[in-house]
Structure formats: C-alpha cells, structure tokens
$ cat model.cif   # mmCIF, C-alpha atoms
data_upload
#
loop_
_atom_site.label_atom_id
_atom_site.label_comp_id
_atom_site.auth_asym_id
_atom_site.auth_seq_id
_atom_site.Cartn_x
_atom_site.Cartn_y
_atom_site.Cartn_z
CA MET A 1440 145.26 115.72 -257.60
CA SER A 1441 145.94 114.99 -253.94
CA LEU A 1442 143.53 115.60 -251.09
CA ARG A 1443 144.59 116.96 -247.73
CA ASN A 1444 144.15 114.78 -244.66
CA ASP A 1445 142.38 117.59 -242.83
CA TRP A 1446 139.87 117.75 -245.69
CA PHE A 1447 139.05 114.08 -245.14
CA GLU A 1448 138.67 114.75 -241.42
CA GLU A 1449 136.33 117.68 -242.00
CA ILE A 1450 134.14 115.60 -244.33
CA GLY A 1451 134.13 112.71 -241.84
CA ASP A 1452 133.06 115.00 -239.00
CA ALA A 1453 130.31 116.50 -241.11
CA LEU A 1454 128.95 113.05 -241.96
CA ARG A 1455 129.12 111.88 -238.36
CA LEU A 1456 127.06 114.68 -236.86
CA PRO A 1457 123.27 114.73 -237.16
CA ASP A 1458 121.68 117.66 -238.94
CA VAL A 1459 119.21 120.02 -237.28
CA ILE A 1460 116.31 121.58 -239.16
CA ALA A 1461 115.80 124.61 -236.97
CA GLU A 1462 112.41 125.54 -238.44
CA ARG A 1463 110.89 122.30 -237.17
CA CYS A 1464 112.18 122.53 -233.62
CA VAL A 1465 109.52 123.51 -231.08
CA HIS A 1466 111.96 126.00 -229.56
CA SER A 1467 111.95 128.00 -232.78
CA GLN A 1468 108.14 128.04 -232.74
CA MET A 1469 107.65 128.87 -229.09
CA GLU A 1470 110.11 130.41 -226.65
CA LEU A 1471 108.48 128.75 -223.64
CA ALA A 1472 108.68 125.23 -225.08
CA SER A 1473 109.72 122.72 -222.43
CA CYS A 1474 110.85 119.94 -224.79
CA ARG A 1475 114.22 118.42 -223.83
CA HIS A 1476 113.98 115.09 -225.64
CA CYS A 1477 117.25 115.52 -227.54
CA VAL A 1478 119.14 116.47 -224.40
CA GLU A 1479 117.71 113.64 -222.33
CA SER A 1480 118.36 111.00 -225.01
CA CYS A 1481 122.03 111.86 -225.57
CA PRO A 1482 124.33 109.50 -223.65
CA LEU A 1483 127.34 111.82 -224.07
CA ASP A 1484 125.73 115.13 -223.07
CA ALA A 1485 126.57 116.51 -226.50
CA TRP A 1486 123.42 118.62 -226.76
CA VAL A 1487 123.59 122.16 -225.39
CA ILE A 1488 120.37 123.96 -224.55
CA ASP A 1489 119.75 127.15 -222.63
CA ASP A 1490 117.82 130.41 -223.00
CA GLU A 1491 119.97 131.51 -225.93
CA GLN A 1492 120.92 128.44 -227.95
CA LEU A 1493 120.24 124.85 -228.87
CA GLY A 1494 123.03 122.97 -230.57
CA ILE A 1495 125.49 120.07 -230.64
CA ASP A 1496 128.95 120.02 -229.14
CA ALA A 1497 130.86 118.45 -232.05
CA ASN A 1498 133.69 117.41 -229.75
CA ARG A 1499 131.37 115.25 -227.66
CA CYS A 1500 129.03 113.83 -230.31
CA ASP A 1501 130.00 110.39 -231.65
CA GLY A 1502 127.19 110.25 -234.21
CA CYS A 1503 125.21 107.49 -232.49
CA GLY A 1504 121.94 109.07 -233.65
CA LEU A 1505 119.94 108.30 -230.49
CA CYS A 1506 118.63 111.85 -230.49
CA VAL A 1507 116.97 111.35 -233.91
CA PRO A 1508 114.02 109.13 -232.84
CA ALA A 1509 113.64 111.11 -229.62
CA CYS A 1510 112.57 114.27 -231.47
CA PRO A 1511 108.78 114.29 -232.05
CA GLN A 1512 109.11 117.03 -234.69
CA GLN A 1513 111.78 115.18 -236.70
CA ALA A 1514 113.91 118.30 -236.36
CA ILE A 1515 117.01 116.09 -236.09
CA VAL A 1516 117.97 114.03 -239.13
CA GLN A 1517 120.82 111.67 -239.80
CA GLU A 1518 121.33 109.67 -242.95
CA GLN A 1519 121.49 106.18 -241.55
CA PHE A 1520 119.43 103.53 -243.29
CA PRO A 1521 118.98 99.80 -242.83
CA ALA A 1522 119.92 97.59 -245.76
CA GLU A 1523 116.71 96.67 -247.55
CA ARG A 1524 117.05 93.10 -248.81
CA GLU A 1525 114.76 90.65 -250.61
CA TRP A 1526 114.04 87.13 -249.44
CA GLN A 1527 111.31 84.83 -250.81
CA GLY A 1528 109.48 87.79 -252.32
CA ARG A 1529 109.51 89.77 -249.09
CA SER A 1530 111.49 92.88 -248.24
CA ILE A 1531 113.55 92.77 -245.06
CA ALA A 1532 115.35 95.51 -243.17
CA MET A 1533 118.78 94.28 -242.05
CA LEU A 1534 120.89 96.05 -239.45
CA ILE A 1535 124.10 95.32 -237.59
CA CYS A 1536 125.55 97.59 -234.95
CA GLU A 1537 129.11 98.87 -235.22
CA HIS A 1538 130.40 96.61 -232.43
CA ALA A 1539 129.07 93.42 -233.99
CA GLY A 1540 129.92 94.71 -237.46
CA ASP A 1541 133.63 94.73 -236.71
CA ARG A 1542 133.51 90.94 -236.79
CA ALA A 1543 130.95 90.47 -239.56
CA THR A 1544 132.97 90.80 -242.76
CA GLU A 1545 134.69 87.41 -242.63
CA ASP A 1546 132.08 85.44 -244.61
CA VAL A 1547 129.94 88.23 -246.04
CA PRO A 1548 131.12 90.66 -248.73
CA SER A 1549 132.26 93.80 -246.95
CA GLY A 1550 130.10 96.05 -249.13
CA ASP A 1551 126.93 94.25 -248.08
CA THR A 1552 127.87 94.34 -244.42
CA GLU A 1553 128.81 98.01 -244.57
CA GLN A 1554 125.44 98.82 -246.10
CA ALA A 1555 123.70 97.25 -243.09
CA ARG A 1556 126.14 98.56 -240.48
CA VAL A 1557 125.07 101.48 -238.26
CA ARG A 1558 126.46 103.06 -235.14
CA CYS A 1559 123.47 102.07 -233.03
CA LEU A 1560 120.36 100.01 -233.82
CA HIS A 1561 118.31 102.06 -231.40
CA ALA A 1562 118.78 105.21 -233.45
CA PHE A 1563 115.84 103.89 -235.50
CA GLY A 1564 112.49 104.87 -234.06
CA ILE A 1565 108.80 105.03 -234.84
CA TYR A 1566 109.14 107.14 -237.97
CA ASP A 1567 111.80 104.88 -239.49
CA VAL A 1568 109.79 101.73 -238.84
CA LEU A 1569 106.60 103.27 -240.23
CA ARG A 1570 108.27 104.64 -243.36
CA LEU A 1571 109.60 101.20 -244.22
CA TYR A 1572 106.30 99.59 -243.24
CA ARG A 1573 104.52 101.81 -245.73
CA ASN A 1574 107.03 100.62 -248.34
CA GLY A 1575 106.27 96.98 -247.62
CA VAL A 1576 108.95 96.05 -245.05
CA ARG A 1577 107.39 93.62 -242.56
CA HIS A 1578 110.53 92.07 -241.07
CA TRP A 1579 113.54 93.54 -239.26
CA MET A 1580 116.55 91.26 -238.94
CA VAL A 1581 119.24 92.64 -236.64
CA CYS A 1582 122.52 91.72 -234.98
CA HIS A 1583 124.01 93.63 -232.10
CA GLY A 1584 126.49 93.41 -229.29
CA ASP A 1585 125.68 93.36 -225.60
CA CYS A 1586 123.68 96.59 -225.15
CA ALA A 1587 124.01 96.28 -221.37
CA GLN A 1588 127.78 96.66 -221.77
CA CYS A 1589 127.57 99.52 -224.26
CA PRO A 1590 129.29 102.66 -222.92
CA ARG A 1591 126.43 104.77 -224.26
CA GLN A 1592 124.04 103.42 -221.58
CA ILE A 1593 121.23 103.22 -224.11
CA SER A 1594 117.70 103.99 -222.93
CA ALA A 1595 115.95 103.59 -226.32
CA ASP A 1596 115.08 100.15 -227.65
CA LEU A 1597 114.22 99.28 -231.25
CA GLU A 1598 112.61 95.98 -230.27
CA ARG A 1599 110.35 97.69 -227.73
CA THR A 1600 109.41 100.31 -230.34
CA ILE A 1601 108.38 97.59 -232.80
CA ARG A 1602 106.38 95.79 -230.10
CA ARG A 1603 104.44 98.97 -229.39
CA ILE A 1604 103.80 99.59 -233.07
CA ASN A 1605 102.59 96.00 -233.40
CA ARG A 1606 100.03 96.60 -230.65
CA LEU A 1607 98.74 99.55 -232.62
CA LEU A 1608 98.75 97.60 -235.89
CA LYS A 1609 96.83 94.75 -234.25
CA SER A 1610 94.21 97.16 -232.92
CA ARG A 1611 93.67 98.42 -236.48
CA GLY A 1612 93.61 94.98 -238.08
CA LEU A 1613 96.85 95.55 -240.01
CA PRO A 1614 99.70 93.07 -240.66
CA ARG A 1615 102.32 93.12 -237.93
CA ILE A 1616 106.10 93.43 -238.10
CA ALA A 1617 108.46 90.56 -237.34
CA TYR A 1618 111.63 91.28 -235.39
CA SER A 1619 114.55 88.86 -235.29
CA SER A 1620 117.66 89.47 -233.20
CA LEU A 1621 120.23 86.96 -234.44
CA PRO A 1622 123.69 85.89 -233.32
CA LEU A 1623 126.44 87.03 -235.65
CA GLY A 1624 126.81 83.70 -237.45
CA GLN A 1625 123.09 83.38 -238.20
CA TRP A 1626 122.85 87.00 -239.26
CA ARG A 1627 125.74 86.54 -241.70
CA GLY A 1628 124.07 83.45 -243.12
CA ALA A 1629 120.80 85.32 -243.57
CA MET A 1630 122.60 88.16 -245.33
CA LEU A 1631 124.12 85.66 -247.79
CA LYS A 1632 120.69 84.16 -248.55
CA THR A 1633 119.00 87.48 -249.26
CA GLY A 1634 119.16 89.41 -252.50
CA ARG A 1635 119.50 93.08 -253.12
CA TRP A 1636 116.23 94.94 -253.09
CA ALA A 1637 115.02 95.86 -256.57
CA CYS A 1638 115.08 99.58 -255.80
CA GLY A 1639 118.86 99.48 -255.38
CA PRO A 1640 121.02 100.29 -252.39
CA GLN A 1641 120.04 102.98 -249.96
CA PHE A 1642 122.26 106.01 -249.64
CA GLY A 1643 123.62 106.19 -246.11
CA ARG A 1644 126.34 108.47 -244.84
CA ARG A 1645 129.01 105.98 -245.87
CA GLY A 1646 127.54 105.93 -249.37
CA PHE A 1647 127.49 109.70 -249.35
CA PHE A 1648 131.17 109.81 -248.41
CA GLY A 1649 132.13 107.19 -251.00
CA SER A 1650 130.33 108.99 -253.79
CA LEU A 1651 131.98 112.23 -252.78
CA LEU A 1652 135.39 110.73 -253.38
CA ALA A 1653 134.62 108.53 -256.38
CA GLN A 1654 132.09 110.41 -258.44
CA GLY A 1655 132.53 114.05 -257.60
CA ALA A 1656 130.74 116.55 -255.46
CA ASP A 1657 128.14 117.46 -258.11
CA ARG A 1658 126.30 114.15 -257.82
CA VAL A 1659 126.47 114.30 -254.04
CA VAL A 1660 124.97 117.78 -254.03
CA ARG A 1661 122.05 116.55 -256.14
CA HIS A 1662 121.49 113.67 -253.73
CA GLN A 1663 121.70 115.96 -250.73
CA GLN A 1664 119.18 118.35 -252.25
CA GLY A 1665 116.81 115.44 -252.80
CA ALA A 1666 117.25 114.35 -249.18
CA GLU A 1667 116.57 117.88 -247.97
CA ALA A 1668 113.42 118.08 -250.08
CA GLU A 1669 112.20 114.81 -248.59
CA ALA A 1670 113.09 116.04 -245.13
CA GLU A 1671 110.56 118.85 -245.51
CA GLN A 1672 107.78 116.27 -245.16
CA THR A 1673 106.94 116.03 -241.46
CA PRO A 1674 103.74 114.03 -241.05
CA ALA A 1675 102.67 112.80 -237.65
CA PRO A 1676 103.29 109.05 -237.22
CA GLY A 1677 99.60 108.23 -237.45
CA ARG A 1678 99.49 109.52 -241.02
CA PHE A 1679 101.67 106.66 -242.21
CA LEU A 1680 98.83 104.22 -241.53
CA PRO A 1681 95.22 103.97 -242.68
CA LEU A 1682 92.61 105.05 -240.16
CA PRO A 1683 90.66 102.30 -238.41
CA PRO A 1684 87.00 101.79 -239.38
CA THR A 1685 84.68 104.41 -237.90
CA GLY A 1686 83.36 103.45 -234.50
CA GLU A 1687 85.91 100.71 -233.84
CA ALA A 1688 88.26 101.09 -230.88
CA ALA A 1689 91.91 101.39 -231.85
CA LEU A 1690 95.20 102.63 -230.49
CA TYR A 1691 96.71 106.01 -231.41
CA PHE A 1692 100.27 107.20 -230.94
CA HIS A 1693 99.25 110.40 -229.16
CA VAL A 1694 95.85 111.72 -228.13
CA PRO A 1695 95.35 115.35 -227.01
CA HIS A 1696 92.55 116.20 -224.60
CA ILE A 1697 91.10 119.64 -223.81
CA LEU A 1698 89.63 119.81 -220.32
CA ALA A 1699 86.30 121.60 -220.75
CA ASP A 1700 86.11 122.81 -217.15
CA ALA A 1701 89.54 124.50 -217.35
CA CYS A 1702 89.71 125.85 -220.93
CA ASN A 1703 89.17 129.60 -221.34
CA GLY A 1704 88.83 129.53 -225.13
CA CYS A 1705 91.95 131.58 -225.88
CA ASP A 1706 92.79 129.55 -229.05
CA ALA A 1707 96.52 129.46 -228.24
CA CYS A 1708 96.70 125.69 -228.75
CA THR A 1709 95.00 125.78 -232.14
CA ARG A 1710 97.17 128.66 -233.35
CA LEU A 1711 100.46 127.00 -232.37
CA CYS A 1712 99.90 123.30 -233.15
CA PRO A 1713 102.39 122.52 -235.97
CA GLN A 1714 100.46 119.42 -237.09
CA GLN A 1715 96.98 120.96 -236.88
CA ALA A 1716 95.95 118.19 -234.54
CA LEU A 1717 94.02 120.89 -232.66
CA THR A 1718 91.93 123.23 -234.79
CA TYR A 1719 89.12 125.74 -234.26
CA ASN A 1720 86.15 125.25 -236.57
CA GLU A 1721 84.40 128.60 -236.52
CA LYS A 1722 81.46 127.39 -238.57
CA ALA A 1723 80.77 124.47 -236.24
CA GLY A 1724 81.60 126.51 -233.15
CA ALA A 1725 83.93 123.87 -231.74
CA TYR A 1726 87.49 122.83 -231.13
CA VAL A 1727 88.31 119.77 -233.24
CA ILE A 1728 90.86 117.26 -231.95
CA HIS A 1729 92.49 114.99 -234.56
CA ALA A 1730 94.20 112.18 -232.66
CA ASN A 1731 95.80 110.71 -235.77
CA ASP A 1732 97.58 113.99 -236.51
CA CYS A 1733 99.25 114.47 -233.12
CA ASN A 1734 102.98 113.76 -232.80
CA GLY A 1735 103.25 114.51 -229.08
CA CYS A 1736 105.46 117.60 -229.46
CA GLY A 1737 103.86 119.20 -226.39
CA ILE A 1738 103.55 122.75 -227.74
CA CYS A 1739 99.86 122.87 -226.87
CA VAL A 1740 100.57 121.86 -223.27
CA ASP A 1741 103.27 124.51 -222.92
CA ALA A 1742 101.08 127.20 -224.53
CA CYS A 1743 98.06 126.65 -222.29
CA ASP A 1744 98.28 128.87 -219.20
CA GLN A 1745 95.18 127.18 -217.77
CA ASP A 1746 96.67 123.67 -217.70
CA ALA A 1747 93.66 122.63 -219.74
CA ILE A 1748 95.45 120.28 -222.14
CA VAL A 1749 96.91 116.83 -221.61
CA VAL A 1750 98.43 114.54 -224.24
CA ASN A 1751 98.31 110.80 -223.63
CA ALA A 1752 100.54 108.36 -225.49
CA TRP A 1753 99.39 105.01 -226.90
CA GLU A 1754 95.77 105.58 -225.98
CA GLU A 1755 92.79 103.63 -227.24
CA ARG A 1756 89.68 105.46 -228.42
CA GLN A 1757 86.62 104.89 -230.56
CA GLU A 1758 86.97 107.79 -232.98
CA SER A 1759 89.99 109.55 -234.46
CA VAL A 1760 88.25 112.94 -234.31
CA GLU A 1761 86.69 114.51 -231.24
CA THR A 1762 84.99 117.90 -230.84
CA LEU A 1763 84.52 120.28 -227.94
CA SER A 1764 81.49 122.51 -228.43
CA LEU A 1765 81.92 126.23 -227.75
CA ARG A 1766 79.51 128.98 -226.80
CA ASP A 1767 79.92 132.36 -228.52
CA ALA A 1768 79.49 135.43 -226.32
CA LYS A 1769 80.41 139.09 -225.96
CA CYS A 1770 82.40 140.40 -223.00
CA SER A 1771 80.27 142.51 -220.67
CA VAL A 1772 83.24 144.76 -219.86
CA CYS A 1773 85.24 145.33 -223.06
CA GLY A 1774 82.63 144.24 -225.59
CA CYS A 1775 84.97 141.83 -227.41
CA ALA A 1776 83.60 138.59 -228.83
CA TYR A 1777 84.89 135.38 -227.28
CA HIS A 1778 83.99 131.72 -226.96
CA ARG A 1779 84.14 129.20 -224.17
CA PRO A 1780 83.27 125.51 -223.74
CA ARG A 1781 79.53 124.98 -223.43
CA ALA A 1782 80.05 122.65 -220.49
CA GLN A 1783 81.54 125.53 -218.52
CA GLN A 1784 79.61 128.20 -216.64
CA ASP A 1785 80.08 131.57 -218.31
CA ASP A 1786 80.86 134.65 -216.20
CA GLY A 1787 80.33 137.00 -219.15
CA LEU A 1788 84.00 138.01 -219.32
CA CYS A 1789 86.59 137.33 -222.03
CA ALA A 1790 89.90 135.63 -221.23
CA ILE A 1791 91.60 139.00 -220.63
CA CYS A 1792 88.95 140.70 -218.55
CA SER A 1793 88.47 137.60 -216.41
CA GLN A 1794 92.04 138.12 -215.22
CA VAL A 1795 91.55 141.77 -214.27
CA ASN A 1796 89.96 143.13 -211.12
CA HIS A 1797 87.82 145.95 -212.50
CA HIS A 1798 86.71 147.05 -209.05
CA ARG A 1799 90.07 147.90 -207.57
CA ASN A 1800 91.07 151.52 -207.09
CA LEU A 1801 94.46 151.68 -208.75
CA PHE A 1802 94.65 155.49 -208.59
CA GLN A 1803 93.41 157.36 -205.50
CA VAL A 1804 93.74 160.89 -204.24
CA LEU A 1805 95.05 160.72 -200.71
CA SER A 1806 94.50 163.68 -198.40
#
$ encode --input "model.cif" --output "structure tokens"
Amino acid sequence: MSLRNDWFEEIGDALRLPDVIAERCVHSQMELASCRHCVESCPLDAWVIDDEQLGIDANRCDGCGLCVPACPQQAIVQEQFPAEREWQGRSIAMLICEHAGDRATEDVPSGDTEQARVRCLHAFGIYDVLRLYRNGVRHWMVCHGDCAQCPRQISADLERTIRRINRLLKSRGLPRIAYSSLPLGQWRGAMLKTGRWACGPQFGRRGFFGSLLAQGADRVVRHQQGAEAEAEQTPAPGRFLPLPPTGEAALYFHVPHILADACNGCDACTRLCPQQALTYNEKAGAYVIHANDCNGCGICVDACDQDAIVVNAWEERQESVETLSLRDAKCSVCGCAYHRPRAQQDDGLCAICSQVNHHRNLFQVLS
C-alpha cells in the first residue's frame, strides 16, 4: 500500500501545531478576560485573538512551542519531552535545540539524539520542570545554539525559570535542580555516558509520527487518548511540591490578595476561580485565600469591578492560607442578605443598592 505525499504533509502539520484545550482557556470561562500570554509569547504572531475567536494561524506557526509555558491554565499543549536518561543512579533531563541538533548525530546514535531534540529549549516552563522534579529529575543537561541570533527573538528562558524554581525550593528546604548548558561536543559525550531511563523512552511528536507509520493508527490512538486523559489534570504549580512547615516563611509562585477596604463582598472572584485558590467559607464567614493553589491566571482580577484584587508573583509569606473575615448583614433598602469585610465601614446597602441613587426622581410630572 502506498501513502500519498499530501497525507504525510497533513500528518506533519498536525504534529507541528500545538493543541488547544478550549475548556481550560480563561476566555472560555469569562468573556472579559484580559489574558494575552499566548499572543505576547509568540515570536511569529501566529496567534489570533479578538472579540470573536482565539486560534492559531497554521501558516505562520512553526511549532516552536513558546506559547505552551506562557499559558497559566495549561490550555495549550504540545507533545515535546526531554530525553530522560540515567547516570550514576540519577535521572537527567537532556535537551538539544533543533539548530544544535543538526550537527549532533555524528558521534551519537541518531535515535538518541532525536529523542532529546526539540524545536526550542525555552518551550519548557515551570510545569514541565516541576513534573519531572516530582518524578525525581534533579538535573537538566542542555545544548543550544546562539539564542541571541535566533530569528524567533526568544523572550522566555529555561535557565531563568529553573533559577526561580530553585529559589522557591531553597525557601522550602527542598533539593535544588542543577542546570548545565554544554557545548555540542561535551553534550554528545554526556549522552554517550548516560543510559536509557528504566521507564523507557518518552513519546514525543516524532515518536508519535514514527509509530503512526510503523505500527498502525490503532496504537497511536490509544496513546493519544492516554495523553488527553493526562491533560485533563490541571493543578496549580504549587501543588507539585510539598507545603512548607506551618509558620515558616517560604516563596509561592502566585499569591492573591483581597483588599479589605475596596472589596464589596460580591463573591465574583470565588465563583470564577478555576483553581479554587479563592473560596468563600460560609460557616467561618470569611474569604479563604490559598496561595499554593493559585496559578496566576488573572480571572479574579478581571472579574473584580472594584479593583480589590491583586496577584503577586514569587512572593514570600508565612502561611499558605489566609482569611479575610466578613460581616453578615441585610440590605436596608431591598432586604437581601449580603456580607462585607469586617475591616470596612458598612453603609447598610448590598453591592447592588450601593450603586443606585434611591433618592433621584427618575419619573416626574412636568406642568
């Protein structure tokens, strides 16, 4: 049986483009969402966003994957994985960018190099590093070309990401991650000294394409279904790590704050937060802020019409959970129950009635 060239091209294009899980995107959860991380991170302006659509221009996208770590909701996924190797009983993540990889197969078996080769090292962000960290990877060994000369004009930086994570790990008393950027010759030598990780090779997009041709579409479909099931898990980055001991200062990836003097108790933030980092505890009569559960998506900030919420990144605090006490009351005009921060003076009006001038004469009989 022969395969058409256009069929190969269609499969190649499908593997090159990142996938979008629309249900995760903040724009599908809130029409007024201001998030533009995917657009701002794309060096080729391949992302299209307006009042009616959010999508990728397939003719522009080169599959670099820089939009993937930029999305706080992990709504963009792309099957690129580092090669997990074993050396002296330790697991190492090995990566080589496509520009350096063109010259890397001379002394290293091409299959091993291809497994470690990716379009761009900086397409790996906080979530990727933390997932591997949870699986025991404490060392990233990379090789790349001159990023300053890269036509993509890259703004992300894997090394900087790992440095920031190491600051957080240090604040929590956890082992840190080593990062080695090696010249091509040294990287090839390191690859030869390492062994395959016991779990077997990771399935990247090249592996997906190879299995499609060699083993049939049925196996690929099963793999893809497994990847999609895994993709449904969207924990905030803090959930990949154990919490610091109670009362000890530590860094957090994102920390929401509700300004007590501005909040009107409308509950919009707690209703919309996709990670439940902001919740309303009716029994305790308080808003509860879970710093470890925040991913910095910004929905709460966009939803608050009082500008009462700010989200700070990489902030140090004593406790992972903070509460804002509320006072229950009944509106003197409409009679509806409402709550408001105790630290705030109460005018006796609910959030709606406080916006209405009940003394104006909207209808008058003019003689």
$ resolve_selection --input "model.cif" --expression "the PyMOL selection byres ((chain A and resi 1526-1536) around 6)" --output "PyMOL selection string"
chain A and resi 1521-1525+1537-1540+1555-1560+1576+1578-1583+1633
$ write_last_selection --input "model.cif" --atoms "C-alpha atoms" --output "PDB file, in the coordinates of the input"
ATOM      1  CA  PRO A1521     118.980  99.800-242.830  1.00  0.00           C
ATOM      2  CA  ALA A1522     119.920  97.590-245.760  1.00  0.00           C
ATOM      3  CA  GLU A1523     116.710  96.670-247.550  1.00  0.00           C
ATOM      4  CA  ARG A1524     117.050  93.100-248.810  1.00  0.00           C
ATOM      5  CA  GLU A1525     114.760  90.650-250.610  1.00  0.00           C
ATOM      6  CA  GLU A1537     129.110  98.870-235.220  1.00  0.00           C
ATOM      7  CA  HIS A1538     130.400  96.610-232.430  1.00  0.00           C
ATOM      8  CA  ALA A1539     129.070  93.420-233.990  1.00  0.00           C
ATOM      9  CA  GLY A1540     129.920  94.710-237.460  1.00  0.00           C
ATOM     10  CA  ALA A1555     123.700  97.250-243.090  1.00  0.00           C
ATOM     11  CA  ARG A1556     126.140  98.560-240.480  1.00  0.00           C
ATOM     12  CA  VAL A1557     125.070 101.480-238.260  1.00  0.00           C
ATOM     13  CA  ARG A1558     126.460 103.060-235.140  1.00  0.00           C
ATOM     14  CA  CYS A1559     123.470 102.070-233.030  1.00  0.00           C
ATOM     15  CA  LEU A1560     120.360 100.010-233.820  1.00  0.00           C
ATOM     16  CA  VAL A1576     108.950  96.050-245.050  1.00  0.00           C
ATOM     17  CA  HIS A1578     110.530  92.070-241.070  1.00  0.00           C
ATOM     18  CA  TRP A1579     113.540  93.540-239.260  1.00  0.00           C
ATOM     19  CA  MET A1580     116.550  91.260-238.940  1.00  0.00           C
ATOM     20  CA  VAL A1581     119.240  92.640-236.640  1.00  0.00           C
ATOM     21  CA  CYS A1582     122.520  91.720-234.980  1.00  0.00           C
ATOM     22  CA  HIS A1583     124.010  93.630-232.100  1.00  0.00           C
ATOM     23  CA  THR A1633     119.000  87.480-249.260  1.00  0.00           C
TER      24      THR A1633
END
$ closest_residue --input "model.cif" --among "A:Met1469, A:Cys1712, A:Cys1503, A:Leu1631" --to "Asp1490 (chain A)" --atoms "all atoms listed in the file"
A:Met1469
$ closest_residue --input "model.cif" --among "A:Ala1509, A:Leu1493, A:Ile1616, A:Cys1481" --to "Ile1593 (chain A)" --atoms "only C-alpha atoms"
A:Cys1481
$ residues_around --input "model.cif" --residues "Ala1514 (chain A)" --least-positions-apart "6" --cutoff "8 Å" --atoms "all atoms listed in the file" --output "PyMOL selection string"
chain A and resi 1459-1464+1507
$ atom_distance --input "model.cif" --atom1 "CA of Asp1567 (chain A)" --atom2 "CA of Ile1515 (chain A)"
12.8 Å
$ atom_distance --input "model.cif" --atom1 "CA of Tyr1618 (chain A)" --atom2 "CA of Gln1517 (chain A)"
22.8 Å
$ resolve_selection --input "model.cif" --expression "the PyMOL selection byres ((chain A and resi 1779-1781) around 7)" --output "MDAnalysis selection string"
chainID A and resid 1699 1703:1704 1763:1767 1777:1778 1782:1783
$ residues_around --input "model.cif" --residues "Gly1612 (chain A)" --least-positions-apart "2" --cutoff "12 Å" --atoms "only C-alpha atoms" --output "list in words"
Asn1605, Arg1606, Leu1607, Leu1608, Lys1609, Ser1610, Pro1614, Arg1615, Leu1680, Pro1681, Leu1682, Pro1683, Pro1684, Glu1687, Ala1688, Ala1689 and Leu1690 of chain A
$ closest_residue --input "model.cif" --among "A:Asp1741, A:Glu1721, A:Glu1755, A:Asp1458" --to "Gly1494 (chain A)" --atoms "all atoms listed in the file"
A:Asp1458
$ residues_near_point --input "model.cif" --point "(82.1, 122.7, -236.0)" --cutoff "12 Å" --atoms "only C-alpha atoms" --output "PyMOL selection string"
chain A and resi 1718-1728+1760-1766
$ atom_distance --input "model.cif" --atom1 "CA of Phe1692 (chain A)" --atom2 "CA of Asn1574 (chain A)"
19.8 Å
$ residues_around --input "model.cif" --residues "Gln1794 (chain A)" --least-positions-apart "3" --cutoff "12 Å" --atoms "all atoms listed in the file" --output "list in words"
Asn1703, Asp1744, Gln1745, Val1772, Asp1786, Leu1788, Cys1789, Ala1790, Ile1791 and His1797 of chain A
$ write_last_selection --input "model.cif" --atoms "C-alpha atoms" --output "PDB file, in the coordinates of the input"
ATOM      1  CA  ASN A1703      89.170 129.600-221.340  1.00  0.00           C
ATOM      2  CA  ASP A1744      98.280 128.870-219.200  1.00  0.00           C
ATOM      3  CA  GLN A1745      95.180 127.180-217.770  1.00  0.00           C
ATOM      4  CA  VAL A1772      83.240 144.760-219.860  1.00  0.00           C
ATOM      5  CA  ASP A1786      80.860 134.650-216.200  1.00  0.00           C
ATOM      6  CA  LEU A1788      84.000 138.010-219.320  1.00  0.00           C
ATOM      7  CA  CYS A1789      86.590 137.330-222.030  1.00  0.00           C
ATOM      8  CA  ALA A1790      89.900 135.630-221.230  1.00  0.00           C
ATOM      9  CA  ILE A1791      91.600 139.000-220.630  1.00  0.00           C
ATOM     10  CA  HIS A1797      87.820 145.950-212.500  1.00  0.00           C
TER      11      HIS A1797
END
$ residues_around --input "model.cif" --residues "Val1750 (chain A)" --least-positions-apart "5" --cutoff "7 Å" --atoms "all atoms listed in the file" --output "ChimeraX atom specification"
/A:1693-1696,1735
$ resolve_selection --input "model.cif" --expression "the PyMOL selection byres ((chain A and resi 1713) around 12)" --output "compact mmCIF listing (two decimals) with C-alpha atoms, in the frame of the given file"
# COMPACT_ATOMS: atom_id res chain seq x y z
CA GLU A 1462 112.41 125.54 -238.44
CA ARG A 1463 110.89 122.30 -237.17
CA CYS A 1464 112.18 122.53 -233.62
CA VAL A 1465 109.52 123.51 -231.08
CA SER A 1467 111.95 128.00 -232.78
CA GLN A 1468 108.14 128.04 -232.74
CA MET A 1469 107.65 128.87 -229.09
CA PRO A 1511 108.78 114.29 -232.05
CA GLN A 1512 109.11 117.03 -234.69
CA GLN A 1513 111.78 115.18 -236.70
CA THR A 1673 106.94 116.03 -241.46
CA PRO A 1674 103.74 114.03 -241.05
CA ALA A 1675 102.67 112.80 -237.65
CA ALA A 1707 96.52 129.46 -228.24
CA CYS A 1708 96.70 125.69 -228.75
CA THR A 1709 95.00 125.78 -232.14
CA ARG A 1710 97.17 128.66 -233.35
CA LEU A 1711 100.46 127.00 -232.37
CA CYS A 1712 99.90 123.30 -233.15
CA GLN A 1714 100.46 119.42 -237.09
CA GLN A 1715 96.98 120.96 -236.88
CA ALA A 1716 95.95 118.19 -234.54
CA LEU A 1717 94.02 120.89 -232.66
CA THR A 1718 91.93 123.23 -234.79
CA ASP A 1732 97.58 113.99 -236.51
CA CYS A 1733 99.25 114.47 -233.12
CA ASN A 1734 102.98 113.76 -232.80
CA GLY A 1735 103.25 114.51 -229.08
CA CYS A 1736 105.46 117.60 -229.46
CA GLY A 1737 103.86 119.20 -226.39
CA ILE A 1738 103.55 122.75 -227.74
CA CYS A 1739 99.86 122.87 -226.87
$ residues_around --input "model.cif" --residues "Phe1679 (chain A)" --least-positions-apart "5" --cutoff "8 Å" --atoms "only C-alpha atoms" --output "short mmCIF file (atom, residue, chain, number, x, y, z; two decimals) with C-alpha atoms, keeping the file's coordinate frame"
data_model
loop_
_atom_site.label_atom_id
_atom_site.label_comp_id
_atom_site.auth_asym_id
_atom_site.auth_seq_id
_atom_site.Cartn_x
_atom_site.Cartn_y
_atom_site.Cartn_z
CA LEU A 1569 106.60 103.27 -240.23
CA ARG A 1570 108.27 104.64 -243.36
CA ARG A 1573 104.52 101.81 -245.73
CA PRO A 1674 103.74 114.03 -241.05
#
$ closest_residue --input "model.cif" --among "A:Val1740, A:Val1568, A:Leu1471, A:Val1795" --to "Pro1676 (chain A)" --atoms "all atoms listed in the file"
A:Val1568
$ closest_residue --input "model.cif" --among "A:Val1478, A:Leu1613, A:Ala1562, A:Ile1495" --to "Gln1519 (chain A)" --atoms "all atoms listed in the file"
A:Ala1562
$ closest_residue --input "model.cif" --among "A:Ile1601, A:Ala1742, A:Val1487, A:Ala1747" --to "Asp1700 (chain A)" --atoms "all atoms listed in the file"
A:Ala1747
